[in-house]
file upload_39.cif (mmCIF, C-alpha atoms)
data_upload
loop_
_atom_site.group_PDB
_atom_site.id
_atom_site.type_symbol
_atom_site.label_atom_id
_atom_site.label_comp_id
_atom_site.auth_asym_id
_atom_site.auth_seq_id
_atom_site.Cartn_x
_atom_site.Cartn_y
_atom_site.Cartn_z
ATOM 1 C CA MET A 1 -77.366 74.511 126.466
ATOM 2 C CA LEU A 2 -79.060 71.401 127.908
ATOM 3 C CA LYS A 3 -81.052 73.513 130.373
ATOM 4 C CA GLU A 4 -82.186 75.776 127.546
ATOM 5 C CA ILE A 5 -83.331 72.776 125.490
ATOM 6 C CA GLU A 6 -85.140 71.310 128.520
ATOM 7 C CA LYS A 7 -86.993 74.600 129.020
ATOM 8 C CA ARG A 8 -87.899 74.717 125.335
ATOM 9 C CA ILE A 9 -89.267 71.171 125.403
ATOM 10 C CA LEU A 10 -91.266 71.713 128.595
ATOM 11 C CA THR A 11 -92.772 74.967 127.332
ATOM 12 C CA SER A 12 -93.604 73.353 123.990
ATOM 13 C CA LEU A 13 -95.335 70.411 125.707
ATOM 14 C CA ILE A 14 -97.615 72.905 127.456
ATOM 15 C CA ILE A 15 -98.179 75.388 124.639
ATOM 16 C CA ILE A 16 -98.658 73.033 121.667
ATOM 17 C CA PRO A 17 -101.681 71.048 123.012
ATOM 18 C CA ILE A 18 -103.434 74.281 124.076
ATOM 19 C CA THR A 19 -102.782 75.904 120.702
ATOM 20 C CA PHE A 20 -103.925 72.754 118.864
ATOM 21 C CA PHE A 21 -107.189 72.701 120.858
ATOM 22 C CA LEU A 22 -107.967 76.377 120.190
ATOM 23 C CA ILE A 23 -107.193 76.060 116.473
ATOM 24 C CA TYR A 24 -109.221 72.857 116.212
ATOM 25 C CA LYS A 25 -112.279 74.302 117.967
ATOM 26 C CA GLY A 26 -112.333 77.359 115.721
ATOM 27 C CA SER A 27 -115.114 79.927 116.105
ATOM 28 C CA VAL A 28 -114.975 82.045 119.292
ATOM 29 C CA PHE A 29 -112.069 80.057 120.755
ATOM 30 C CA PHE A 30 -109.902 80.638 117.710
ATOM 31 C CA ILE A 31 -110.804 84.328 117.448
ATOM 32 C CA LEU A 32 -109.961 84.839 121.133
ATOM 33 C CA PHE A 33 -106.665 83.011 120.593
ATOM 34 C CA LEU A 34 -105.814 85.280 117.642
ATOM 35 C CA ILE A 35 -106.712 88.448 119.542
ATOM 36 C CA ILE A 36 -104.547 87.561 122.555
ATOM 37 C CA THR A 37 -101.641 86.473 120.344
ATOM 38 C CA PHE A 38 -101.937 89.653 118.277
ATOM 39 C CA PHE A 39 -101.826 91.993 121.286
ATOM 40 C CA VAL A 40 -98.876 90.200 122.889
ATOM 41 C CA SER A 41 -96.956 90.197 119.584
ATOM 42 C CA SER A 42 -97.780 93.862 118.966
ATOM 43 C CA TYR A 43 -96.584 94.803 122.437
ATOM 44 C CA GLU A 44 -93.292 92.992 121.848
ATOM 45 C CA TRP A 45 -92.891 94.631 118.432
ATOM 46 C CA ILE A 46 -93.511 98.107 119.897
ATOM 47 C CA LYS A 47 -90.925 97.497 122.627
ATOM 48 C CA LEU A 48 -88.473 96.214 120.036
ATOM 49 C CA ASN A 49 -88.828 99.294 117.826
ATOM 50 C CA LYS A 50 -89.691 102.002 120.354
ATOM 51 C CA LYS A 51 -87.145 104.390 118.815
ATOM 52 C CA ASN A 52 -88.423 104.083 115.253
ATOM 53 C CA GLU A 53 -92.011 105.261 114.815
ATOM 54 C CA LEU A 54 -92.195 104.419 111.104
ATOM 55 C CA ILE A 55 -91.004 100.815 111.485
ATOM 56 C CA LYS A 56 -93.138 100.406 114.596
ATOM 57 C CA SER A 57 -96.298 101.569 112.791
ATOM 58 C CA PHE A 58 -95.571 99.555 109.651
ATOM 59 C CA GLY A 59 -95.013 96.426 111.757
ATOM 60 C CA ILE A 60 -98.342 96.817 113.573
ATOM 61 C CA ILE A 61 -100.169 97.247 110.256
ATOM 62 C CA PHE A 62 -98.428 94.139 108.926
ATOM 63 C CA LEU A 63 -99.416 92.149 112.044
ATOM 64 C CA ILE A 64 -103.058 93.238 111.630
ATOM 65 C CA PHE A 65 -103.095 91.952 108.055
ATOM 66 C CA SER A 66 -101.200 88.794 109.017
ATOM 67 C CA PHE A 67 -103.624 87.822 111.767
ATOM 68 C CA TYR A 68 -106.588 88.672 109.551
ATOM 69 C CA PHE A 69 -105.234 86.359 106.847
ATOM 70 C CA ALA A 70 -104.694 83.695 109.516
ATOM 71 C CA TYR A 71 -108.367 83.998 110.406
ATOM 72 C CA LEU A 72 -109.397 83.748 106.739
ATOM 73 C CA LEU A 73 -107.138 80.734 106.212
ATOM 74 C CA ARG A 74 -108.761 78.843 109.079
ATOM 75 C CA LEU A 75 -112.236 79.909 107.971
ATOM 76 C CA GLU A 76 -111.918 79.204 104.241
ATOM 77 C CA GLN A 77 -109.357 76.393 104.018
ATOM 78 C CA GLY A 78 -110.335 74.505 107.151
ATOM 79 C CA PHE A 79 -108.481 73.083 110.128
ATOM 80 C CA LYS A 80 -106.260 70.604 108.251
ATOM 81 C CA ILE A 81 -104.737 73.092 105.802
ATOM 82 C CA PHE A 82 -104.283 75.720 108.487
ATOM 83 C CA LEU A 83 -102.563 73.208 110.762
ATOM 84 C CA PHE A 84 -100.435 72.090 107.811
ATOM 85 C CA ILE A 85 -99.097 75.638 107.337
ATOM 86 C CA ILE A 86 -98.433 76.098 111.063
ATOM 87 C CA LEU A 87 -96.689 72.712 111.197
ATOM 88 C CA ILE A 88 -94.379 73.560 108.280
ATOM 89 C CA SER A 89 -93.435 76.860 109.950
ATOM 90 C CA ILE A 90 -92.717 75.183 113.301
ATOM 91 C CA LEU A 91 -90.676 72.383 111.703
ATOM 92 C CA THR A 92 -88.731 74.977 109.717
ATOM 93 C CA ASP A 93 -87.833 76.801 112.920
ATOM 94 C CA THR A 94 -87.042 73.564 114.771
ATOM 95 C CA GLY A 95 -84.925 72.160 111.941
ATOM 96 C CA GLY A 96 -82.898 75.349 111.737
ATOM 97 C CA TYR A 97 -82.295 75.405 115.490
ATOM 98 C CA VAL A 98 -81.374 71.722 115.876
ATOM 99 C CA PHE A 99 -79.182 71.388 112.779
ATOM 100 C CA GLY A 100 -77.524 74.725 113.494
ATOM 101 C CA LYS A 101 -76.639 73.664 117.036
ATOM 102 C CA ILE A 102 -75.390 70.223 116.022
ATOM 103 C CA PHE A 103 -73.503 70.897 112.791
ATOM 104 C CA LYS A 104 -72.686 74.627 113.190
ATOM 105 C CA GLY A 105 -70.519 75.506 110.159
ATOM 106 C CA PRO A 106 -70.402 78.707 108.051
ATOM 107 C CA LYS A 107 -72.708 81.588 108.988
ATOM 108 C CA LEU A 108 -75.618 82.284 106.672
ATOM 109 C CA THR A 109 -75.811 86.069 107.141
ATOM 110 C CA ARG A 110 -74.627 88.892 109.369
ATOM 111 C CA ILE A 111 -78.249 89.765 110.122
ATOM 112 C CA SER A 112 -78.462 86.802 112.483
ATOM 113 C CA PRO A 113 -75.053 85.404 113.525
ATOM 114 C CA LYS A 114 -76.600 82.161 114.823
ATOM 115 C CA LYS A 115 -78.079 81.270 111.434
ATOM 116 C CA THR A 116 -75.926 78.803 109.505
ATOM 117 C CA TYR A 117 -76.088 76.965 106.186
ATOM 118 C CA ALA A 118 -76.528 73.753 108.156
ATOM 119 C CA GLY A 119 -79.547 75.306 109.843
ATOM 120 C CA LEU A 120 -80.909 76.385 106.461
ATOM 121 C CA MET A 121 -80.686 72.835 105.136
ATOM 122 C CA GLY A 122 -82.139 71.475 108.381
ATOM 123 C CA SER A 123 -85.111 73.815 108.071
ATOM 124 C CA PHE A 124 -85.956 72.559 104.593
ATOM 125 C CA LEU A 125 -85.243 68.918 105.421
ATOM 126 C CA LEU A 126 -87.380 68.733 108.559
ATOM 127 C CA SER A 127 -90.243 70.699 107.029
ATOM 128 C CA ILE A 128 -90.281 68.402 103.962
ATOM 129 C CA MET A 129 -90.154 65.223 106.055
ATOM 130 C CA GLY A 130 -92.825 66.420 108.484
ATOM 131 C CA GLY A 131 -94.963 67.832 105.692
ATOM 132 C CA LEU A 132 -94.946 64.588 103.724
ATOM 133 C CA ILE A 133 -95.822 62.556 106.829
ATOM 134 C CA PHE A 134 -98.666 64.964 107.626
ATOM 135 C CA ILE A 135 -100.007 64.693 104.056
ATOM 136 C CA GLU A 136 -100.169 60.904 104.403
ATOM 137 C CA LEU A 137 -101.719 61.010 107.877
ATOM 138 C CA ILE A 138 -104.601 63.302 106.935
ATOM 139 C CA ASP A 139 -104.994 61.681 103.514
ATOM 140 C CA LEU A 140 -104.417 64.792 101.422
ATOM 141 C CA LYS A 141 -104.022 64.249 97.707
ATOM 142 C CA SER A 142 -100.254 64.134 97.241
ATOM 143 C CA ASN A 143 -99.110 66.186 94.237
ATOM 144 C CA LEU A 144 -96.410 68.519 92.952
ATOM 145 C CA PHE A 145 -98.327 71.579 94.162
ATOM 146 C CA LEU A 146 -98.223 70.413 97.791
ATOM 147 C CA TYR A 147 -94.517 69.573 97.567
ATOM 148 C CA SER A 148 -93.674 73.012 96.191
ATOM 149 C CA PHE A 149 -96.034 74.562 98.745
ATOM 150 C CA ILE A 150 -93.999 73.022 101.590
ATOM 151 C CA LEU A 151 -90.747 74.468 100.220
ATOM 152 C CA ILE A 152 -92.231 77.916 99.646
ATOM 153 C CA ILE A 153 -93.834 78.131 103.094
ATOM 154 C CA SER A 154 -90.573 76.983 104.672
ATOM 155 C CA LEU A 155 -88.648 79.638 102.734
ATOM 156 C CA VAL A 156 -91.081 82.447 103.631
ATOM 157 C CA SER A 157 -91.035 81.332 107.257
ATOM 158 C CA GLN A 158 -87.223 81.582 107.286
ATOM 159 C CA VAL A 159 -87.406 85.054 105.750
ATOM 160 C CA GLY A 160 -89.778 86.103 108.545
ATOM 161 C CA ASP A 161 -87.342 84.777 111.116
ATOM 162 C CA LEU A 162 -84.489 86.751 109.540
ATOM 163 C CA VAL A 163 -86.533 89.960 109.386
ATOM 164 C CA VAL A 164 -87.325 89.865 113.110
ATOM 165 C CA SER A 165 -83.723 88.841 113.862
ATOM 166 C CA TYR A 166 -82.546 91.908 111.952
ATOM 167 C CA PHE A 167 -84.603 94.259 114.117
ATOM 168 C CA LYS A 168 -83.515 92.454 117.278
ATOM 169 C CA ARG A 169 -79.926 92.989 116.185
ATOM 170 C CA LEU A 170 -80.596 96.705 115.628
ATOM 171 C CA ALA A 171 -82.131 96.924 119.106
ATOM 172 C CA LYS A 172 -79.183 94.914 120.516
ATOM 173 C CA ILE A 173 -81.397 92.387 122.277
ATOM 174 C CA LYS A 174 -81.486 88.582 122.151
ATOM 175 C CA ASP A 175 -85.247 87.975 122.485
ATOM 176 C CA THR A 176 -88.408 90.003 121.932
ATOM 177 C CA GLY A 177 -89.645 89.068 125.410
ATOM 178 C CA LYS A 178 -89.604 86.525 128.231
ATOM 179 C CA ILE A 179 -93.149 85.173 128.133
ATOM 180 C CA LEU A 180 -92.068 81.695 126.938
ATOM 181 C CA PRO A 181 -89.316 80.102 129.072
ATOM 182 C CA GLY A 182 -86.543 78.710 126.886
ATOM 183 C CA HIS A 183 -87.990 80.418 123.816
ATOM 184 C CA GLY A 184 -88.013 84.110 124.671
ATOM 185 C CA GLY A 185 -90.911 86.239 123.484
ATOM 186 C CA LEU A 186 -94.014 85.144 121.635
ATOM 187 C CA LEU A 187 -92.837 87.000 118.540
ATOM 188 C CA ASP A 188 -89.609 84.988 118.644
ATOM 189 C CA ARG A 189 -91.663 81.847 118.064
ATOM 190 C CA ILE A 190 -94.254 83.082 115.579
ATOM 191 C CA ASP A 191 -92.072 85.379 113.454
ATOM 192 C CA GLY A 192 -92.048 82.824 110.640
ATOM 193 C CA ILE A 193 -95.768 82.104 110.985
ATOM 194 C CA VAL A 194 -96.847 85.759 110.706
ATOM 195 C CA PHE A 195 -95.072 85.886 107.343
ATOM 196 C CA ALA A 196 -96.194 82.434 106.197
ATOM 197 C CA THR A 197 -99.950 82.856 106.794
ATOM 198 C CA PRO A 198 -100.615 85.862 104.519
ATOM 199 C CA PHE A 199 -98.378 84.409 101.818
ATOM 200 C CA ALA A 200 -100.096 81.014 102.081
ATOM 201 C CA TYR A 201 -103.541 82.607 101.806
ATOM 202 C CA ILE A 202 -102.633 84.562 98.675
ATOM 203 C CA TYR A 203 -100.777 81.584 97.168
ATOM 204 C CA LEU A 204 -103.735 79.257 97.668
ATOM 205 C CA LYS A 205 -106.138 81.829 96.223
ATOM 206 C CA LEU A 206 -104.008 82.205 93.104
ATOM 207 C CA ALA A 207 -103.716 78.424 92.801
ATOM 208 C CA ILE A 208 -107.521 78.127 92.789
ATOM 209 C CA VAL A 209 -107.876 80.906 90.209
ATOM 210 C CA TYR A 210 -105.301 79.428 87.842
#
call {"tool": "encode", "arguments": {"input": "upload_39.cif", "output": "structure tokens"}}
result
Amino acid sequence: MLKEIEKRILTSLIIIPITFFLIYKGSVFFILFLIITFFVSSYEWIKLNKKNELIKSFGIIFLIFSFYFAYLLRLEQGFKIFLFIILISILTDTGGYVFGKIFKGPKLTRISPKKTYAGLMGSFLLSIMGGLIFIELIDLKSNLFLYSFILIISLVSQVGDLVVSYFKRLAKIKDTGKILPGHGGLLDRIDGIVFATPFAYIYLKLAIVY
């Protein structure tokens, strides 16, 4: 377990600064980043569902829309809001992993045997704490909308994680790939994000309208 955590930390220390730079720069850098991430994720999804053409096709279509909404989010809402959404998704995943490993306890669902109620609470707790700190750091106007936004993005991110876990369970595999040491495949790490970005875009659009 310690070796797995060490690998995760080392990989994260390499990946996070690179990702931050590409997101921050925007423009061509960000588009290139999205394209590469999309093709790697699509490849992993196709391998995961190679026996089911319908699910495979539907997943690719969903990924196309998800990455397009990610592009629109960065373009229309700016770097800070986009980073905010990514941060909430990452903290949700991290909180679930850490709290689940430490506290264990009752299983959340048969879809993913490693998911526990402790992990569920950890996901919400860490995302709320990190989200509130981020709001203060970048001087966003703190209000009820942002607080509810954190909870909703965290929830959607967890749903995305469970959906991919379900298809991994059907395929009887642990990870979608091996591209990220200690993490597995790229899709293993961004499963929550690909669900959170389209939802966040639509949610923010509706909030502006109403």
call {"tool": "closest_atom_pairs", "arguments": {"input": "upload_39.cif", "of": "region 82-130 of chain A", "to": "region 164-169 of chain A", "cutoff": "10 Å", "atoms": "only C-alpha atoms", "output": "Markdown table"}}
result
| residue | atom | partner | partner_atom | distance |
| --- | --- | --- | --- | --- |
| A:Arg110 | CA | A:Tyr166 | CA | 8.9 |
| A:Ile111 | CA | A:Tyr166 | CA | 5.1 |
| A:Ser112 | CA | A:Ser165 | CA | 5.8 |
| A:Pro113 | CA | A:Ser165 | CA | 9.3 |
| A:Lys114 | CA | A:Ser165 | CA | 9.8 |
| A:Lys115 | CA | A:Ser165 | CA | 9.8 |
call {"tool": "resolve_selection", "arguments": {"input": "upload_39.cif", "expression": "the PyMOL selection byres ((chain A and resi 196-209) around 9)", "output": "list in words"}}
result
Phe65, Ser66, Phe67, Tyr68, Phe69, Ala70, Leu72, Leu73, Gln77, Phe82, Ile85, Ile86, Ser89, Phe145, Phe149, Ile152, Ile153, Ser154, Leu155, Val156, Ser157, Gly160, Asp191, Gly192, Ile193, Val194, Phe195 and Tyr210 of chain A
call {"tool": "closest_residue", "arguments": {"input": "upload_39.cif", "among": "A:Phe38, A:Tyr24, A:Lys47, A:Val159", "to": "Ile61 (chain A)", "atoms": "all atoms listed in the file"}}
result
A:Phe38
call {"tool": "residues_around", "arguments": {"input": "upload_39.cif", "residues": "Leu187 (chain A)", "least_positions_apart": "6", "cutoff": "8 Å", "atoms": "all atoms listed in the file", "output": "ChimeraX atom specification"}}
result
/A:41,44-45,176-177
call {"tool": "closest_residue", "arguments": {"input": "upload_39.cif", "among": "A:Phe58, A:Pro17, A:Leu10, A:Asp188", "to": "Lys174 (chain A)", "atoms": "only C-alpha atoms"}}
result
A:Asp188
call {"tool": "residues_around", "arguments": {"input": "upload_39.cif", "residues": "Arg74 (chain A)", "least_positions_apart": "6", "cutoff": "9 Å", "atoms": "all atoms listed in the file", "output": "PyMOL selection string"}}
result
chain A and resi 23+26+30+80-83
call {"tool": "write_last_selection", "arguments": {"input": "upload_39.cif", "atoms": "C-alpha atoms", "output": "compact mmCIF listing (two decimals), in the frame of the given file"}}
result
# COMPACT_ATOMS: atom_id res chain seq x y z
CA ILE A 23 -107.19 76.06 116.47
CA GLY A 26 -112.33 77.36 115.72
CA PHE A 30 -109.90 80.64 117.71
CA LYS A 80 -106.26 70.60 108.25
CA ILE A 81 -104.74 73.09 105.80
CA PHE A 82 -104.28 75.72 108.49
CA LEU A 83 -102.56 73.21 110.76
call {"tool": "atom_distance", "arguments": {"input": "upload_39.cif", "atom1": "CA of Lys104 (chain A)", "atom2": "CA of Ala118 (chain A)"}}
result
6.4 Å
call {"tool": "residues_around", "arguments": {"input": "upload_39.cif", "residues": "Gly119 (chain A)", "least_positions_apart": "6", "cutoff": "10 Å", "atoms": "only C-alpha atoms", "output": "ChimeraX atom specification"}}
result
/A:92-108,125
call {"tool": "residues_around", "arguments": {"input": "upload_39.cif", "residues": "Leu132 (chain A)", "least_positions_apart": "2", "cutoff": "9 Å", "atoms": "all atoms listed in the file", "output": "list in words"}}
result
Ser127, Ile128, Met129, Gly130, Phe134, Ile135, Glu136, Leu137, Ser142, Leu146, Tyr147 and Ile150 of chain A
call {"tool": "atom_distance", "arguments": {"input": "upload_39.cif", "atom1": "CA of Ile14 (chain A)", "atom2": "CA of Ile35 (chain A)"}}
result
19.7 Å
call {"tool": "axis_aligned_box", "arguments": {"input": "upload_39.cif", "around": "region 30-49 of chain A", "padding_each_side": "4 Å", "output": "JSON"}}
result
{"center_x": -99.6, "center_y": 90.0, "center_z": 120.2, "size_x": 30.3, "size_y": 26.7, "size_z": 13.4}
call {"tool": "atom_distance", "arguments": {"input": "upload_39.cif", "atom1": "CA of Ile138 (chain A)", "atom2": "CA of Phe84 (chain A)"}}
result
9.8 Å
call {"tool": "closest_residue", "arguments": {"input": "upload_39.cif", "among": "A:Ile36, A:Tyr71, A:Leu87, A:Lys51", "to": "Phe20 (chain A)", "atoms": "only C-alpha atoms"}}
result
A:Leu87
call {"tool": "build_atoms", "arguments": {"input": "upload_39.cif", "residues": "region 29-50 of chain A", "atoms": "N, CA and C atoms", "output": "compact mmCIF listing (two decimals), keeping the file's coordinate frame"}}
result
# COMPACT_ATOMS: atom_id res chain seq x y z
N PHE A 29 -113.34 80.46 120.14
CA PHE A 29 -112.07 80.06 120.76
C PHE A 29 -110.88 80.51 119.90
N PHE A 30 -110.99 80.29 118.61
CA PHE A 30 -109.90 80.64 117.71
C PHE A 30 -109.74 82.15 117.60
N ILE A 31 -110.85 82.86 117.53
CA ILE A 31 -110.80 84.33 117.45
C ILE A 31 -110.16 84.91 118.71
N LEU A 32 -110.55 84.39 119.87
CA LEU A 32 -109.96 84.84 121.13
C LEU A 32 -108.45 84.56 121.16
N PHE A 33 -108.08 83.40 120.67
CA PHE A 33 -106.66 83.01 120.59
C PHE A 33 -105.90 83.99 119.70
N LEU A 34 -106.46 84.34 118.55
CA LEU A 34 -105.81 85.28 117.64
C LEU A 34 -105.68 86.67 118.26
N ILE A 35 -106.72 87.11 118.93
CA ILE A 35 -106.71 88.45 119.54
C ILE A 35 -105.62 88.56 120.61
N ILE A 36 -105.56 87.55 121.49
CA ILE A 36 -104.55 87.56 122.56
C ILE A 36 -103.14 87.51 121.97
N THR A 37 -102.95 86.62 120.99
CA THR A 37 -101.64 86.47 120.34
C THR A 37 -101.24 87.76 119.63
N PHE A 38 -102.21 88.40 118.99
CA PHE A 38 -101.94 89.65 118.28
C PHE A 38 -101.47 90.75 119.24
N PHE A 39 -102.17 90.92 120.35
CA PHE A 39 -101.83 91.99 121.29
C PHE A 39 -100.47 91.76 121.96
N VAL A 40 -100.18 90.50 122.29
CA VAL A 40 -98.88 90.20 122.89
C VAL A 40 -97.76 90.46 121.87
N SER A 41 -97.96 90.00 120.64
CA SER A 41 -96.96 90.20 119.58
C SER A 41 -96.75 91.68 119.28
N SER A 42 -97.85 92.42 119.24
CA SER A 42 -97.78 93.86 118.97
C SER A 42 -97.02 94.59 120.06
N TYR A 43 -97.29 94.20 121.30
CA TYR A 43 -96.58 94.80 122.44
C TYR A 43 -95.07 94.55 122.33
N GLU A 44 -94.71 93.32 121.98
CA GLU A 44 -93.29 92.99 121.85
C GLU A 44 -92.66 93.75 120.68
N TRP A 45 -93.41 93.90 119.60
CA TRP A 45 -92.89 94.63 118.43
C TRP A 45 -92.68 96.11 118.76
N ILE A 46 -93.62 96.70 119.50
CA ILE A 46 -93.51 98.11 119.90
C ILE A 46 -92.29 98.31 120.80
N LYS A 47 -92.09 97.41 121.74
CA LYS A 47 -90.92 97.50 122.63
C LYS A 47 -89.62 97.35 121.83
N LEU A 48 -89.66 96.48 120.85
CA LEU A 48 -88.47 96.21 120.04
C LEU A 48 -88.08 97.43 119.20
N ASN A 49 -89.08 98.17 118.74
CA ASN A 49 -88.83 99.29 117.83
C ASN A 49 -89.31 100.62 118.40
N LYS A 50 -89.17 100.80 119.70
CA LYS A 50 -89.69 102.00 120.35
C LYS A 50 -89.03 103.30 119.88
